[in-house]
Each structure stands twice: as C-alpha cells, then as structure tokens.
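Shown here: structure_9.cif, mmCIF, C-alpha atoms.
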data_input
loop_
_atom_site.label_atom_id
_atom_site.label_comp_id
_atom_site.auth_asym_id
_atom_site.auth_seq_id
_atom_site.Cartn_x
_atom_site.Cartn_y
_atom_site.Cartn_z
CA MET A 605 -15.87 -11.22 -21.81
CA PHE A 606 -16.82 -7.69 -20.77
CA PHE A 607 -17.90 -8.87 -17.30
CA ARG A 608 -14.72 -10.92 -16.87
CA PHE A 609 -12.51 -8.00 -17.91
CA LYS A 610 -14.27 -5.81 -15.34
CA LEU A 611 -13.96 -8.56 -12.74
CA TYR A 612 -10.20 -8.67 -13.38
CA GLY A 613 -9.88 -4.94 -12.75
CA PHE A 614 -12.02 -5.06 -9.63
CA LEU A 615 -10.19 -8.02 -8.06
CA LYS A 616 -6.64 -6.83 -8.86
CA ASN A 617 -7.25 -3.64 -6.88
CA LEU A 618 -8.24 -5.54 -3.74
CA ARG A 619 -4.82 -5.10 -2.13
CA PHE A 620 -5.99 -4.71 1.44
CA PHE A 621 -2.53 -3.81 2.71
CA GLU A 622 -2.07 -0.76 0.46
CA PRO A 623 -3.77 1.85 2.68
CA PHE A 624 -1.54 0.70 5.57
CA ILE A 625 1.72 -0.24 3.84
CA LEU A 626 3.90 2.37 5.58
CA LEU A 627 2.31 1.61 8.94
CA ILE A 628 2.91 -2.13 8.42
CA PHE A 629 6.58 -1.58 7.65
CA PHE A 630 6.97 0.86 10.51
CA GLU A 631 5.33 -1.57 12.95
CA ASN A 632 7.84 -4.23 11.87
CA GLY A 633 10.76 -2.03 12.88
CA LEU A 634 11.75 -0.56 9.53
CA THR A 635 13.00 3.02 9.32
CA PHE A 636 11.67 5.47 6.74
CA LEU A 637 15.01 5.20 4.93
CA GLN A 638 14.64 1.41 4.66
CA ILE A 639 11.08 1.86 3.39
CA GLY A 640 12.40 4.28 0.78
CA VAL A 641 15.00 1.73 -0.31
CA LEU A 642 12.26 -0.91 -0.68
CA VAL A 643 10.25 1.43 -2.90
CA SER A 644 13.35 2.04 -5.02
CA VAL A 645 14.02 -1.71 -5.33
CA ARG A 646 10.42 -2.32 -6.42
CA ASP A 647 10.33 0.38 -9.10
CA LEU A 648 13.81 -0.32 -10.45
CA SER A 649 13.14 -4.08 -10.62
CA ASN A 650 9.87 -3.44 -12.42
CA ASN A 651 11.63 -1.38 -15.08
CA ILE A 652 14.41 -3.92 -15.60
CA LEU A 653 11.96 -6.84 -15.85
CA GLU A 654 9.45 -5.22 -18.23
CA ILE A 655 11.35 -6.06 -21.42
CA PRO A 656 11.98 -9.80 -20.77
CA THR A 657 8.44 -10.31 -19.45
CA GLY A 658 7.03 -8.57 -22.53
CA VAL A 659 9.04 -10.87 -24.79
CA PHE A 660 7.75 -13.88 -22.78
CA ALA A 661 4.11 -12.76 -23.22
CA ASP A 662 4.57 -12.40 -26.99
CA ALA A 663 6.34 -15.75 -27.35
CA PHE A 664 4.48 -18.01 -24.93
CA GLY A 665 1.08 -16.38 -24.52
CA ARG A 666 -0.52 -13.50 -22.66
CA ARG A 667 -2.62 -15.77 -20.47
CA LYS A 668 0.50 -17.58 -19.25
CA ALA A 669 2.09 -14.21 -18.51
CA MET A 670 -0.95 -13.16 -16.47
CA VAL A 671 -0.91 -16.43 -14.52
CA LEU A 672 2.77 -15.90 -13.72
CA ALA A 673 1.97 -12.32 -12.69
CA PHE A 674 -0.61 -13.35 -10.12
CA SER A 675 1.54 -16.26 -8.93
CA SER A 676 4.40 -13.84 -8.31
CA TYR A 677 2.11 -11.44 -6.46
CA ILE A 678 0.85 -14.23 -4.21
CA LEU A 679 4.39 -15.37 -3.40
CA SER A 680 5.31 -11.81 -2.44
CA PHE A 681 2.26 -11.56 -0.15
CA LEU A 682 3.29 -14.79 1.59
CA VAL A 683 6.84 -13.51 2.14
CA PHE A 684 5.51 -10.25 3.56
CA PHE A 685 3.17 -12.15 5.91
CA PHE A 686 5.59 -14.77 7.25
CA PHE A 687 8.68 -12.62 7.61
CA ALA A 688 9.43 -9.25 9.19
CA ASP A 689 12.95 -8.59 8.03
CA PHE A 690 14.23 -5.79 5.80
CA TYR A 691 16.46 -8.00 3.66
CA VAL A 692 13.73 -10.60 3.12
CA TYR A 693 11.37 -7.76 2.20
CA ILE A 694 13.74 -6.89 -0.65
CA LEU A 695 13.02 -10.35 -2.09
CA ALA A 696 9.29 -9.77 -1.61
CA MET A 697 9.53 -6.43 -3.42
CA ILE A 698 11.34 -8.06 -6.36
CA LEU A 699 8.61 -10.73 -6.57
CA PHE A 700 5.97 -8.00 -6.48
CA ALA A 701 7.83 -6.09 -9.24
CA LEU A 702 7.97 -9.29 -11.32
CA GLY A 703 4.19 -9.55 -11.02
CA GLU A 704 3.79 -5.93 -12.11
CA ALA A 705 6.13 -6.48 -15.07
CA PHE A 706 4.25 -9.57 -16.28
CA ARG A 707 0.89 -7.82 -15.88
CA SER A 708 1.82 -4.36 -17.22
CA GLY A 709 0.27 -3.88 -20.64
CA THR A 710 -0.52 -7.58 -21.03
CA HIS A 711 -4.16 -7.36 -20.01
CA LYS A 712 -4.76 -4.34 -22.26
CA ALA A 713 -3.39 -6.46 -25.10
CA LEU A 714 -5.89 -9.20 -24.22
CA ILE A 715 -8.76 -6.70 -24.32
CA LEU A 716 -7.53 -5.26 -27.61
CA GLU A 717 -7.36 -8.75 -29.13
CA HIS A 718 -10.95 -9.41 -28.05
CA LEU A 719 -12.13 -6.15 -29.63
CA LYS A 720 -10.25 -6.90 -32.84
CA LEU A 721 -11.71 -10.41 -33.11
CA ASN A 722 -15.21 -9.01 -32.62
CA ASP A 723 -14.76 -6.02 -34.95
CA MET A 724 -15.21 -3.57 -32.04
CA LEU A 725 -11.99 -1.54 -32.23
CA ASP A 726 -14.02 1.63 -32.75
CA LYS A 727 -15.36 1.17 -29.21
CA LYS A 728 -12.00 0.71 -27.49
CA VAL A 729 -12.02 4.08 -25.66
CA SER A 730 -15.44 3.42 -24.15
CA TYR A 731 -14.53 -0.22 -23.46
CA TYR A 732 -11.27 0.65 -21.69
CA GLY A 733 -13.01 3.43 -19.78
CA ARG A 734 -15.68 1.14 -18.40
CA THR A 735 -13.24 -1.59 -17.40
CA ARG A 736 -11.09 1.07 -15.70
CA ALA A 737 -14.17 2.26 -13.80
CA ALA A 738 -14.44 -1.25 -12.32
CA SER A 739 -10.81 -0.94 -11.17
CA GLN A 740 -11.56 2.40 -9.52
CA LEU A 741 -14.56 0.84 -7.77
CA GLY A 742 -12.27 -1.95 -6.57
CA SER A 743 -9.89 0.62 -5.04
CA ALA A 744 -12.71 2.36 -3.20
CA VAL A 745 -14.21 -0.90 -1.91
CA ASN A 746 -10.72 -2.10 -1.00
CA SER A 747 -10.32 0.76 1.48
CA LEU A 748 -13.55 -0.05 3.29
CA ILE A 749 -12.89 -3.81 3.42
CA ALA A 750 -9.34 -3.18 4.64
CA ALA A 751 -10.64 -0.92 7.41
CA GLY A 752 -13.14 -3.60 8.43
CA LEU A 753 -10.50 -6.33 8.42
CA LEU A 754 -8.16 -4.29 10.58
CA PHE A 755 -11.02 -3.36 12.91
CA PHE A 756 -11.93 -7.00 13.55
CA THR A 757 -8.48 -8.61 13.44
CA GLY A 758 -6.32 -5.84 14.87
CA ASN A 759 -3.45 -7.28 12.81
CA TYR A 760 -1.77 -5.23 10.08
CA ARG A 761 0.18 -8.09 8.50
CA ALA A 762 -2.96 -10.22 8.14
CA MET A 763 -3.82 -7.90 5.25
CA PHE A 764 -1.22 -9.66 3.10
CA LEU A 765 -2.71 -13.07 3.82
CA VAL A 766 -6.30 -12.00 3.13
CA SER A 767 -5.22 -10.29 -0.12
CA ILE A 768 -4.30 -13.71 -1.49
CA LEU A 769 -8.01 -14.65 -1.75
CA PRO A 770 -9.03 -12.13 -4.45
CA TYR A 771 -5.73 -12.73 -6.24
CA VAL A 772 -6.33 -16.48 -6.42
CA ALA A 773 -9.80 -15.72 -7.79
CA ASP A 774 -8.30 -13.39 -10.39
CA LEU A 775 -5.64 -15.95 -11.31
CA ILE A 776 -8.42 -18.45 -12.07
CA ASN A 777 -10.30 -15.75 -13.98
CA VAL A 778 -7.42 -14.88 -16.34
CA ALA A 779 -6.22 -18.49 -16.67
CA THR A 780 -9.60 -19.49 -18.12
CA TYR A 781 -9.77 -16.71 -20.71
CA PRO A 782 -10.33 -18.16 -24.24
CA PRO A 783 -7.00 -19.31 -25.78
CA ILE A 784 -7.73 -17.26 -28.91
CA LEU A 785 -6.99 -14.08 -26.95
CA ASP A 786 -3.30 -15.03 -26.89
CA GLY A 787 -3.16 -13.84 -30.48
CA GLU A 788 -0.48 -14.97 -32.88
CA LEU A 789 2.50 -16.10 -30.83
CA ALA A 790 5.87 -14.77 -31.88
CA ARG A 791 8.77 -17.17 -32.36
CA PHE A 792 11.05 -16.94 -29.34
CA ASN A 793 14.45 -15.57 -30.19
CA ARG A 794 17.28 -15.61 -27.68
CA GLY A 795 18.48 -12.28 -29.04
CA ALA A 796 15.03 -10.66 -28.84
CA ILE A 797 15.51 -9.34 -25.30
CA TRP A 798 18.85 -7.72 -26.08
CA ALA A 799 17.56 -6.35 -29.41
CA GLN A 800 14.53 -4.78 -27.73
CA THR A 801 16.72 -3.38 -24.96
CA LYS A 802 19.01 -1.71 -27.52
CA ALA A 803 16.03 -0.33 -29.42
CA THR A 804 14.57 1.10 -26.21
CA LEU A 805 17.88 2.73 -25.34
CA LYS A 806 18.08 4.26 -28.82
CA ASP A 807 14.56 5.70 -28.48
CA PHE A 808 15.50 7.01 -25.07
CA GLY A 809 18.58 8.76 -26.47
CA ARG A 810 16.77 10.25 -29.45
CA ILE A 811 13.97 11.75 -27.39
CA PHE A 812 16.43 12.90 -24.74
CA LEU A 813 18.11 15.07 -27.37
CA ASP A 814 14.82 16.68 -28.39
CA ARG A 815 14.38 19.70 -26.10
CA ASN A 816 10.77 20.36 -27.08
CA ALA A 817 9.87 16.80 -26.19
CA MET A 818 11.97 16.54 -23.03
CA ARG A 819 10.49 19.51 -21.19
CA PRO A 820 6.90 18.15 -21.02
CA ILE A 821 8.22 14.63 -20.38
CA LEU A 822 10.30 15.85 -17.43
CA ASN A 823 7.37 17.97 -16.22
CA SER A 824 5.12 14.92 -16.12
CA ALA A 825 7.78 12.52 -14.81
CA GLY A 826 8.99 14.92 -12.11
CA PHE A 827 5.56 15.57 -10.65
CA SER A 828 4.58 11.90 -10.86
CA ALA A 829 7.81 10.86 -9.11
CA ILE A 830 7.27 13.38 -6.32
CA PHE A 831 3.68 12.17 -5.93
CA LYS A 832 4.66 8.48 -5.89
CA THR A 833 7.39 9.19 -3.35
CA THR A 834 5.26 11.20 -0.93
CA LYS A 835 1.70 9.88 -1.30
CA ASP A 836 1.95 7.08 1.29
CA TYR A 837 3.23 9.51 3.93
CA LEU A 838 -0.40 10.43 4.38
CA GLN A 839 -0.69 7.19 6.39
CA PRO A 840 1.39 8.22 9.44
CA ILE A 841 -0.43 11.58 9.41
CA LEU A 842 -3.77 9.75 9.49
CA GLU A 843 -2.49 7.54 12.31
CA ALA A 844 -1.49 10.60 14.35
CA PHE A 845 -4.91 12.14 13.73
CA ALA A 846 -6.74 8.92 14.71
CA LEU A 847 -4.80 8.63 17.97
CA ALA A 848 -5.38 12.29 18.86
CA TRP A 849 -9.04 12.71 17.85
CA PRO A 850 -11.09 12.74 21.08
CA VAL A 851 -14.32 11.58 19.41
CA LEU A 852 -12.88 8.12 18.74
CA TYR A 853 -12.15 7.67 22.43
CA LEU A 854 -15.89 7.61 23.07
CA PHE A 855 -15.85 4.11 21.58
CA GLU A 856 -14.06 1.09 23.00
CA MET A 857 -11.34 0.70 20.39
CA ASP A 858 -7.61 0.18 20.64
CA ASP A 859 -5.12 2.30 18.71
CA VAL A 860 -4.91 -0.08 15.73
CA LYS A 861 -8.70 -0.12 15.29
CA ARG A 862 -8.92 3.68 15.53
CA THR A 863 -6.23 4.00 12.89
CA GLY A 864 -7.87 1.42 10.62
CA LEU A 865 -11.23 3.18 10.79
CA VAL A 866 -9.81 6.61 9.92
CA VAL A 867 -7.43 5.37 7.21
CA GLY A 868 -10.10 3.22 5.52
CA VAL A 869 -12.72 5.97 5.40
CA VAL A 870 -10.27 8.63 4.18
CA TYR A 871 -8.86 6.41 1.42
CA PHE A 872 -12.40 5.51 0.33
CA PHE A 873 -13.14 9.18 -0.29
CA ILE A 874 -9.73 9.68 -1.90
CA TYR A 875 -10.49 7.07 -4.57
CA LEU A 876 -13.96 8.50 -5.17
CA LEU A 877 -12.44 11.97 -5.62
CA THR A 878 -9.57 10.82 -7.84
CA SER A 879 -11.96 8.80 -10.02
CA TYR A 880 -14.12 11.90 -10.46
CA ALA A 881 -11.02 14.02 -11.17
CA SER A 882 -9.77 11.64 -13.87
CA ARG A 883 -13.15 11.64 -15.61
CA ASN A 884 -13.35 15.43 -15.55
CA SER A 885 -9.76 16.34 -16.39
CA ASP A 886 -10.75 17.62 -19.82
CA ARG A 887 -13.45 19.91 -18.41
CA PHE A 888 -11.04 21.17 -15.76
CA SER A 889 -8.28 22.02 -18.26
CA GLY A 890 -10.88 23.82 -20.39
CA ARG A 891 -11.23 26.43 -17.66
CA PHE A 892 -7.69 27.68 -18.37
CA VAL A 893 -6.57 29.83 -21.28
CA SER A 894 -4.53 26.91 -22.61
CA LEU A 895 -3.44 23.38 -21.80
CA THR A 896 0.03 24.78 -21.13
CA ALA A 897 -1.34 27.07 -18.42
CA ALA A 898 -3.32 24.19 -16.88
CA ILE A 899 -0.22 22.00 -16.66
CA ASN A 900 1.96 24.74 -15.18
CA ILE A 901 -0.61 25.94 -12.65
CA THR A 902 -1.47 22.44 -11.45
CA PHE A 903 2.25 21.70 -10.98
CA LEU A 904 2.57 24.79 -8.77
CA LEU A 905 -0.62 23.95 -6.90
CA GLY A 906 0.59 20.41 -6.25
CA ALA A 907 3.93 21.66 -4.94
CA LEU A 908 2.14 24.22 -2.76
CA PHE A 909 -0.26 21.59 -1.39
CA LEU A 910 2.66 19.31 -0.52
CA PHE A 911 4.47 22.17 1.21
CA ILE A 912 1.37 23.15 3.24
CA ALA A 913 0.70 19.51 4.15
CA GLY A 914 4.26 19.28 5.47
CA VAL A 915 4.04 22.52 7.47
CA ALA A 916 0.68 21.48 8.95
CA SER A 917 2.02 18.05 9.92
CA TRP A 918 5.15 19.66 11.36
CA GLN A 919 2.95 21.89 13.54
CA ASN A 920 0.70 18.96 14.56
CA LEU A 921 -2.26 20.32 12.58
CA ALA A 922 -3.23 16.88 11.27
CA MET A 923 -6.70 17.82 9.97
CA ILE A 924 -5.31 20.60 7.75
CA SER A 925 -2.53 18.31 6.52
CA ILE A 926 -5.03 15.59 5.59
CA LEU A 927 -7.34 17.96 3.70
CA VAL A 928 -4.45 19.47 1.73
CA PHE A 929 -3.11 15.98 0.98
CA LEU A 930 -6.51 15.14 -0.53
CA GLY A 931 -6.03 18.11 -2.85
CA PHE A 932 -2.59 16.78 -3.78
CA TYR A 933 -4.12 13.42 -4.81
CA VAL A 934 -6.78 15.18 -6.89
CA ILE A 935 -4.19 17.36 -8.65
CA GLN A 936 -2.17 14.29 -9.68
CA ASN A 937 -5.22 12.64 -11.23
CA LEU A 938 -6.22 15.83 -13.03
CA ARG A 939 -2.70 16.18 -14.45
CA LYS A 940 -2.19 12.67 -15.84
CA PRO A 941 -4.60 12.93 -18.82
CA MET A 942 -3.49 16.51 -19.49
CA ASN A 943 0.18 15.51 -19.58
CA VAL A 944 -0.44 12.66 -22.01
CA SER A 945 -2.35 15.05 -24.28
CA PHE A 946 0.37 17.70 -24.14
CA ILE A 947 3.19 15.21 -24.76
CA SER A 948 1.28 13.90 -27.78
CA ASP A 949 1.29 17.44 -29.21
CA GLN A 950 5.08 17.57 -29.04
CA ILE A 951 5.88 14.08 -30.31
CA SER A 952 4.77 12.43 -33.52
CA HIS A 953 2.14 9.74 -33.03
CA LYS A 954 4.64 7.41 -34.69
CA VAL A 955 6.95 7.61 -31.68
CA MET A 956 4.31 8.30 -29.04
CA ALA A 957 4.78 4.91 -27.38
CA SER A 958 8.50 5.57 -27.08
CA GLY A 959 7.85 9.02 -25.64
CA LEU A 960 5.55 7.68 -22.95
CA SER A 961 8.05 4.91 -22.25
CA VAL A 962 10.76 7.52 -21.69
CA GLU A 963 8.40 9.38 -19.35
CA ALA A 964 7.85 6.18 -17.34
CA GLN A 965 11.60 5.50 -17.24
CA PHE A 966 12.36 8.99 -15.94
CA THR A 967 9.62 8.65 -13.32
CA THR A 968 11.21 5.45 -12.06
CA LEU A 969 14.73 6.87 -12.00
CA LEU A 970 13.56 9.88 -10.01
CA VAL A 971 11.61 7.69 -7.55
CA VAL A 972 14.73 5.57 -7.03
CA ILE A 973 16.53 8.77 -5.94
CA PHE A 974 13.68 10.53 -4.14
CA ALA A 975 12.30 7.66 -2.02
CA PRO A 976 15.45 6.98 0.07
CA ALA A 977 16.13 10.74 0.31
CA LEU A 978 12.69 11.44 1.77
CA GLY A 979 13.02 8.43 4.06
CA TYR A 980 16.33 9.73 5.41
CA ILE A 981 14.91 13.21 6.05
CA ALA A 982 11.82 11.74 7.75
CA ASP A 983 14.02 9.62 10.03
CA GLN A 984 16.22 12.56 10.97
CA ALA A 985 13.71 15.42 11.17
CA GLY A 986 10.20 13.98 10.98
CA VAL A 987 7.59 13.40 8.28
CA GLY A 988 6.39 17.01 8.31
CA LEU A 989 9.79 18.53 7.60
CA GLY A 990 10.46 15.88 4.95
CA LEU A 991 7.30 16.92 3.09
CA VAL A 992 8.26 20.59 3.46
CA VAL A 993 11.64 19.91 1.86
CA PHE A 994 10.02 18.04 -1.01
CA GLY A 995 7.44 20.78 -1.46
CA VAL A 996 10.22 23.36 -1.78
CA GLY A 997 12.12 20.97 -4.05
CA ALA A 998 9.04 20.63 -6.28
CA LEU A 999 8.79 24.41 -6.59
CA LEU A 1000 12.46 24.62 -7.59
CA PHE A 1001 12.08 21.71 -10.01
CA TYR A 1002 9.19 23.55 -11.64
CA LEU A 1003 11.57 26.32 -12.73
CA LEU A 1004 13.45 23.74 -14.81
CA VAL A 1005 10.46 21.98 -16.37
CA ARG A 1006 7.86 24.74 -16.84
CA VAL A 1007 6.26 24.02 -20.23
CA LYS A 1008 5.91 26.73 -22.87
CA GLU A 1009 3.30 27.52 -25.46
CA THR A 1010 4.21 25.59 -28.62
CA GLN A 1011 2.46 24.47 -31.73
CA ALA A 1012 1.70 20.77 -32.08
CA ARG A 1013 4.33 19.41 -34.40
CA GLU A 1014 5.65 16.28 -36.00
CA SER A 1015 8.76 15.09 -34.20
CA ARG A 1016 12.05 15.10 -36.07
CA LEU A 1017 12.96 11.83 -34.36
CA PRO A 1018 13.70 8.86 -36.61
CA VAL A 1019 10.95 6.26 -36.53
CA ARG A 1020 11.80 2.71 -35.53
CA ASP A 1021 9.79 -0.10 -37.04
CA ILE A 1022 7.67 -1.77 -34.41
#

Take the structure I supplied and represent it as structure tokens, if you would.
Amino acid sequence: MFFRFKLYGFLKNLRFFEPFILLIFFENGLTFLQIGVLVSVRDLSNNILEIPTGVFADAFGRRKAMVLAFSSYILSFLVFFFFADFYVYILAMILFALGEAFRSGTHKALILEHLKLNDMLDKKVSYYGRTRAASQLGSAVNSLIAAGLLFFTGNYRAMFLVSILPYVADLINVATYPPILDGELARFNRGAIWAQTKATLKDFGRIFLDRNAMRPILNSAGFSAIFKTTKDYLQPILEAFALAWPVLYLFEMDDVKRTGLVVGVVYFFIYLLTSYASRNSDRFSGRFVSLTAAINITFLLGALFLFIAGVASWQNLAMISILVFLGFYVIQNLRKPMNVSFISDQISHKVMASGLSVEAQFTTLLVVIFAPALGYIADQAGVGLGLVVFGVGALLFYLLVRVKETQARESRLPVRDI
C-alpha cells in the first residue's frame, strides 16, 4: 500500500491549472474582485461542507468518500473548461470545495487504518512524511508539465481538461483500495450532523474565550490567510516579467508561451524551496533564542517581504518583486510547523484537534474577507498597490497577535468526548 499511498499524493497534486489560475480567470474577463469572490466562495463552502462529508465518510466508508471527492473535482474541471462565466464559475468552485471537503482528512484516516492493521503506528510520522514527500514532488513536476502543456497548446483553459487524466487515474487508485481500510462503519444518524456542528461551535466558543490560546491561533490564522489571499498574485507579476524580458524575444514564442515558460520554471523552484523549508523548519527555529522569537520575527519578515514585493511591482521592478515573493513562500512554509508546535504548548493535547480546527476556521473567515478586498484594491489601483496595502495591514495585524513567552500548560478548557 505504501506505493499506492504515494501515488495518490503525487497524482492529486497534478493540477496543471494552478500555476495559471489567476491568468486563466483574467483572460476570461473576470475582474480581480470577482476572482476574490470566487476564492471566498470556495473556502467558505469547504468549511460548511466538512462536517456533513466527514459524517458520510464515517457512515458509508472512506473509499466511497474519496471516490465522491475525485468525481466532484472532475465535474468542477469540466465546468471550468466548457464555460467562461463568473456565475457558472461559482458552481464550479462549490463543486471543487465539495471535493476538498470529502478528501480532507479522509485519506490520512485510510493510512492510519493501514498502519493500525499492520501494527505500524510507531512509524506513522515517518510514513506520513514520506507520502507527503511524494505530494511535494507532484507539485514540482506539475509546474514543469503545466509549462510544457501551455507551451505546446497555447491554451490556458485546456489545463482543466488535461487535469482530468491524473484525477481519473487517482479515482481508480483510491476506489480499489482494500475494503478493510474503511474501518468500522458508524451507524448513520440523522442528528449526527447537527450534533457535531453544535459540538464544534462549543469548542470554538471555549477556545475563543481562552486568551493564551487565541493569540497564537490568530497569529497563525492571520498570516496564513494573508498568504492564501496574496500568493496567486505572483502570477500577473510573472506574466509582466515574461512579456518584458528581452531574452525571451530571441526565441519565436507568442506571449502565452513566454508566460507559460517563466511561470512553470519559477513555480518549480518555489515547490523545491518550500519542500526544503518545511523539512528544515525545526533547524531554522533553533537559530532563534526561542520559538516565540522565531514566530514573531518570521511574521514581521513575511509582512515586510509582501510590502517590498508590492512596492517593486508598483515600480515595475518585476525581478525584485519575484525574488521577494519567493521569500514570502519560504517564510510561510517555515512558519507552519512552528505554529503547530507553539499552539500545542498552549492547548492541552486533549483539545488539540479542536484548537487546530479553530485555527482553520479563522483562516477561512479571514480569507473570505481579505480576498474580495484585495481584488477590489487591485482593480482600482493595481496589483502592486494592493500588495503594499496588505503588507502594511500585516504589519498592523502583527501588533494585535504578537505572541509572548509563556510556559507550556494544560488548557483549562473542558474536554469533549470524541
């Protein structure tokens, strides 16, 4: 099963449209504000659908949930390919979110079941790490294949159609997992969805009232939301660089091919760098006097990088903007493991899952607000100024969520039976 788990991770990251998603939407006549609304619809739908899809996986089987996930993805790709309308794209985003909701956490549960059945739970960290490495490799390879596809087809939207091929292969892969990996199926209860929703809201409220827990949660969620909102704005900057770089005019390529070549190569190196950053987060944080200092300094660095990237783009200094954006990506991937570690020091392990769930919920809520706001600013004043505003906003937000030196402690929060 190890090979098949790695194959799943590799194939699911072959989303050839991802490095060009903003450019695809922009080519189809969407404004940055409309793109921001689509991002908000996707993330909000994902959050709303996670609870019912989780109940479905427990009641009817994880493999069925994974099949529905990939089926939903494929339907969304088809809608994106055949239509070029903002309102139809909302439907496509909801289908994509449904796929994410069915998939989220389900495959990890399948792996965990396999390890439990084979008495290998002591190896789960190494096992997860190696399967995740296959996913990272998929992301890097995805960028190069996407660049090649765009170079030879010259068609942005064709990326959605071609992405169906690896997703059909992955659907077959997960559908033929051994039935035993479904685990013991829970009896479906009509009230289960509402009961789980109420329990989640209670956990949310309890942690929200705990100041020591909320500060690191908001620190992590705020930075992640700013990153998720701004990261794809690297694409129009890369396009501007590709169209202005004289070297590329030595070759007989149209504008789309120039853009595809630059975007694909840059994103390939981004995923190599972020993979390396994730693996070395612990060593990086060890260079600071404390984990608290590492989290605070990286937040400030990320905000500063975003601000500089915006200023450079505003002044048509695309190369500087791209290089600083690369630093912004690296900072995010250095921070993620550090934030999880720090949050775990503030919250009892008994409610750790709830704490991370609250962090994810806050991230989504902030993205829902930030994405249309950045889109509106970009439409009115340009991408560069939009990034500048968000860089300044990140610096101001830091003043509210700067974490403090505290002792690891057991949370006072009541524990809910799970």

From the options A:Leu627, A:Ala713, A:Ile973, A:Val992, which residue's atoms come nearest to Gly787 in chain A, counting all atoms listed in the file?
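Looking only at the distances to Gly787 in chain A, the closest residue turns out to be A:Ala713.
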
Report the residues retrieved by the PyMOL selection byres ((chain A and resi 779) around 9) from the displayed file, expressed as a PDB file with C-alpha atoms, keeping the file's coordinate frame.
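See out_22.pdb below for the written result:
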ATOM      1  CA  ARG A 667      -2.620 -15.770 -20.470  1.00  0.00           C
ATOM      2  CA  LYS A 668       0.500 -17.580 -19.250  1.00  0.00           C
ATOM      3  CA  MET A 670      -0.950 -13.160 -16.470  1.00  0.00           C
ATOM      4  CA  VAL A 671      -0.910 -16.430 -14.520  1.00  0.00           C
ATOM      5  CA  ASP A 774      -8.300 -13.390 -10.390  1.00  0.00           C
ATOM      6  CA  LEU A 775      -5.640 -15.950 -11.310  1.00  0.00           C
ATOM      7  CA  ILE A 776      -8.420 -18.450 -12.070  1.00  0.00           C
ATOM      8  CA  ASN A 777     -10.300 -15.750 -13.980  1.00  0.00           C
ATOM      9  CA  VAL A 778      -7.420 -14.880 -16.340  1.00  0.00           C
ATOM     10  CA  THR A 780      -9.600 -19.490 -18.120  1.00  0.00           C
ATOM     11  CA  TYR A 781      -9.770 -16.710 -20.710  1.00  0.00           C
ATOM     12  CA  PRO A 782     -10.330 -18.160 -24.240  1.00  0.00           C
TER      13      PRO A 782
END

Option closest in space to Val860 in chain A, from A:Gly613, A:Gly995, A:Gly758, A:Gly640 [counting all atoms listed in the file]:
A:Gly758

Could you check which of A:Leu921, A:Gly990, A:Ile912, A:Thr878 is closest to Trp849 in chain A, using all atoms listed in the file?
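Nearest candidate to Trp849 in chain A out of A:Leu921, A:Gly990, A:Ile912, A:Thr878: A:Leu921.
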
Taking all atoms listed in the file into account, produce a table as JSON lines in which each residue of range 882-916 of chain A with an atom at most 10 Å from an atom of range 814-831 of chain A appears once, together with its shortest atom pair and the distance in Å to one decimal, ordered by chain and rising number.
{"residue": "A:Thr896", "atom": "CA", "partner": "A:Pro820", "partner_atom": "CA", "distance": 9.5}
{"residue": "A:Ile899", "atom": "CA", "partner": "A:Asn823", "partner_atom": "CA", "distance": 8.6}
{"residue": "A:Asn900", "atom": "CA", "partner": "A:Asn823", "partner_atom": "CA", "distance": 8.7}
{"residue": "A:Thr902", "atom": "CA", "partner": "A:Phe827", "partner_atom": "CA", "distance": 9.9}
{"residue": "A:Phe903", "atom": "CA", "partner": "A:Phe827", "partner_atom": "CA", "distance": 7.0}
{"residue": "A:Leu904", "atom": "CA", "partner": "A:Phe827", "partner_atom": "CA", "distance": 9.9}
{"residue": "A:Gly906", "atom": "CA", "partner": "A:Phe827", "partner_atom": "CA", "distance": 8.2}
{"residue": "A:Ala907", "atom": "CA", "partner": "A:Phe827", "partner_atom": "CA", "distance": 8.5}
{"residue": "A:Leu910", "atom": "CA", "partner": "A:Phe831", "partner_atom": "CA", "distance": 9.0}

Hits from the PyMOL selection byres ((chain A and resi 925) around 12), listed as a VMD selection string
chain A and resid 837 to 842 844 to 845 908 to 924 926 to 932 987 to 988 991 to 992

On this file, the PyMOL selection byres ((chain A and resi 614) around 9) gives some set of residues; write that set as number ranges by chain.
A: 609-613, 615-618, 735-743

Interatomic distance, CA of Phe621 in chain A to CA of Ile981 in chain A (Å, one decimal):
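Going from CA of Phe621 in chain A over to CA of Ile981 in chain A, I get 24.6 Å.
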
Can you work out the spacing between CA of Ala661 in chain A and CA of Leu719 in chain A in Å, to one decimal?
18.7 Å

Can you pull out the residues contacting Ser767 in chain A? Cut-off 12 Å, using all atoms listed in the file, and skip same-chain residues under 4 positions away; I want them as a list in words.
Leu615, Lys616, Asn617, Leu618, Arg619, Phe620, Phe621, Glu622, Phe674, Tyr677, Ile678, Leu679, Ser680, Phe681, Leu682, Phe684, Phe685, Asn746, Ile749, Ala750, Leu753, Tyr760, Arg761, Ala762, Met763, Tyr771, Val772, Ala773 and Asp774 of chain A
